[in-house]
Amino acid sequence: MSLKDAARAVRENAYVPYSRFKVGAAIRTPSGAVHVGCNVENVAYPEGTCAEAGAIAAMCAAGETRISEAYVVADAPSPVPPCGGCRQKLAEFADADVKITLATMDGTEKVMTVAELLPGAFARDHMDRA
């Protein structure tokens with residue numbers, strides 16, 4: 001299954017009773033495995049989960065920790081970028097040149113790299129005290 005098809009399919013499972021804004025995400029790892037996630041809202045709004053975070057959690061649960069490509073889809077007039085927190089999460093598991101495709105349900109796509117989504121990302125080497 002393509003990342004596009006996987007993201008569109010999982011988007012239908014989003015739990016969004018408050019915003020009604022469904023998002024689906026699919027990530028591919030270097031092994032070729034595809035992991036998916038959808039947004040899940042909670043009445044206590046900060047407690048929800050973004051689609052990208054769900055896909056990353058599924059990847060880690062499967063024992064993988066590297067993203068080689070990602071696809072995010074929402075029903076919006078233009079491609080919707082990940083929130084700031086999800087940009088940082090993507091940067092944790094993907095190299096700066098990894099392509100992230102942002103898409104709408106009508107087929108409009110915008111491809112960006114992780115570095116373009118999050119220039120100046122906080123990274124592991126910032127924690128090095130040596």
# chains A, B, ... in the order shown; residues from 1 in each chain; ligands from 1
>>> residues_around(residues="segment 27-32 of chain A", least_positions_apart="5", cutoff="6 Å", atoms="only C-alpha atoms", output="VMD selection string")
chain A and resid 66 to 70
>>> write_last_selection(atoms="N, CA and C atoms", output="short mmCIF file (atom, residue, chain, number, x, y, z; two decimals), in the first residue's frame")
data_model
loop_
_atom_site.label_atom_id
_atom_site.label_comp_id
_atom_site.auth_asym_id
_atom_site.auth_seq_id
_atom_site.Cartn_x
_atom_site.Cartn_y
_atom_site.Cartn_z
N ARG A 66 13.53 4.92 12.84
CA ARG A 66 13.95 5.84 11.78
C ARG A 66 12.84 5.99 10.76
N ILE A 67 12.63 7.22 10.33
CA ILE A 67 11.64 7.53 9.30
C ILE A 67 12.40 7.83 8.01
N SER A 68 11.97 7.20 6.90
CA SER A 68 12.58 7.49 5.61
C SER A 68 11.67 8.34 4.72
N GLU A 69 10.38 8.43 5.07
CA GLU A 69 9.43 9.21 4.28
C GLU A 69 8.13 9.29 5.08
N ALA A 70 7.37 10.37 4.88
CA ALA A 70 6.08 10.51 5.56
C ALA A 70 5.07 11.20 4.67
#
>>> select_by_dssp(residues="chain A", states="alpha helix (DSSP H)", output="ChimeraX atom specification")
/A:3-11,51-61,84-93,114-117
>>> residues_around(residues="Ser78 of chain A", least_positions_apart="4", cutoff="12 Å", atoms="only C-alpha atoms", output="ChimeraX atom specification")
/A:73-74,102-110
>>> write_last_selection(atoms="N, CA and C atoms", output="PDB file, in the first residue's frame")
ATOM      1  N   VAL A  73      -2.285  13.789   5.533  1.00  0.00           N
ATOM      2  CA  VAL A  73      -3.425  14.246   4.738  1.00  0.00           C
ATOM      3  C   VAL A  73      -4.555  14.741   5.638  1.00  0.00           C
ATOM      4  N   ALA A  74      -5.183  15.831   5.200  1.00  0.00           N
ATOM      5  CA  ALA A  74      -6.341  16.391   5.895  1.00  0.00           C
ATOM      6  C   ALA A  74      -7.294  16.988   4.857  1.00  0.00           C
ATOM      7  N   LEU A 102       2.690  16.762   2.377  1.00  0.00           N
ATOM      8  CA  LEU A 102       1.492  17.307   3.009  1.00  0.00           C
ATOM      9  C   LEU A 102       0.426  17.339   1.930  1.00  0.00           C
ATOM     10  N   ALA A 103      -0.772  16.830   2.235  1.00  0.00           N
ATOM     11  CA  ALA A 103      -1.776  16.675   1.177  1.00  0.00           C
ATOM     12  C   ALA A 103      -3.180  17.017   1.655  1.00  0.00           C
ATOM     13  N   THR A 104      -4.025  17.305   0.665  1.00  0.00           N
ATOM     14  CA  THR A 104      -5.445  17.513   0.910  1.00  0.00           C
ATOM     15  C   THR A 104      -6.209  16.315   0.353  1.00  0.00           C
ATOM     16  N   MET A 105      -7.442  16.183   0.743  1.00  0.00           N
ATOM     17  CA  MET A 105      -8.260  15.083   0.241  1.00  0.00           C
ATOM     18  C   MET A 105      -8.561  15.219  -1.250  1.00  0.00           C
ATOM     19  N   ASP A 106      -8.487  16.437  -1.793  1.00  0.00           N
ATOM     20  CA  ASP A 106      -8.742  16.603  -3.225  1.00  0.00           C
ATOM     21  C   ASP A 106      -7.497  16.351  -4.075  1.00  0.00           C
ATOM     22  N   GLY A 107      -6.380  15.983  -3.435  1.00  0.00           N
ATOM     23  CA  GLY A 107      -5.185  15.589  -4.176  1.00  0.00           C
ATOM     24  C   GLY A 107      -4.076  16.610  -4.263  1.00  0.00           C
ATOM     25  N   THR A 108      -4.267  17.807  -3.736  1.00  0.00           N
ATOM     26  CA  THR A 108      -3.192  18.790  -3.733  1.00  0.00           C
ATOM     27  C   THR A 108      -2.095  18.314  -2.788  1.00  0.00           C
ATOM     28  N   GLU A 109      -0.849  18.365  -3.236  1.00  0.00           N
ATOM     29  CA  GLU A 109       0.284  17.923  -2.419  1.00  0.00           C
ATOM     30  C   GLU A 109       1.377  18.984  -2.386  1.00  0.00           C
ATOM     31  N   LYS A 110       2.049  19.047  -1.261  1.00  0.00           N
ATOM     32  CA  LYS A 110       3.226  19.905  -1.105  1.00  0.00           C
ATOM     33  C   LYS A 110       4.286  19.052  -0.425  1.00  0.00           C
TER      34      LYS A 110
END
>>> residues_around(residues="Val23 of chain A", least_positions_apart="6", cutoff="9 Å", atoms="only C-alpha atoms", output="MDAnalysis selection string")
chainID A and resid 7:8 10:12 14 37:39 50:52 72:75
>>> select_by_dssp(residues="chain A", states="strand (DSSP E or B)", output="ChimeraX atom specification")
/A:15,23-28,34-38,40,49,67,69-74,94,99-104,109-113
>>> closest_residue(among="A:Leu90, A:Gly24, A:Val80, A:Ala44", to="Ile56 of chain A", atoms="only C-alpha atoms")
A:Leu90
>>> closest_residue(among="A:Tyr71, A:Arg129, A:Cys86, A:Gly63", to="Lys99 of chain A", atoms="only C-alpha atoms")
A:Tyr71
>>> closest_residue(among="A:Gln88, A:Thr65, A:Ser19, A:Thr101", to="Tyr45 of chain A", atoms="only C-alpha atoms")
A:Ser19
>>> atom_distance(atom1="atom CA of Cys83 of chain A", atom2="atom CA of Ala53 of chain A")
10.3 Å
>>> residues_around(residues="segment 112-119 of chain A", least_positions_apart="5", cutoff="7 Å", atoms="only C-alpha atoms", output="ChimeraX atom specification")
/A:87,91,96-101
>>> atom_distance(atom1="atom CA of Met1 of chain A", atom2="atom CA of Gly85 of chain A")
27.4 Å
>>> atom_distance(atom1="atom CA of Asp95 of chain A", atom2="atom CA of Ala25 of chain A")
17.9 Å
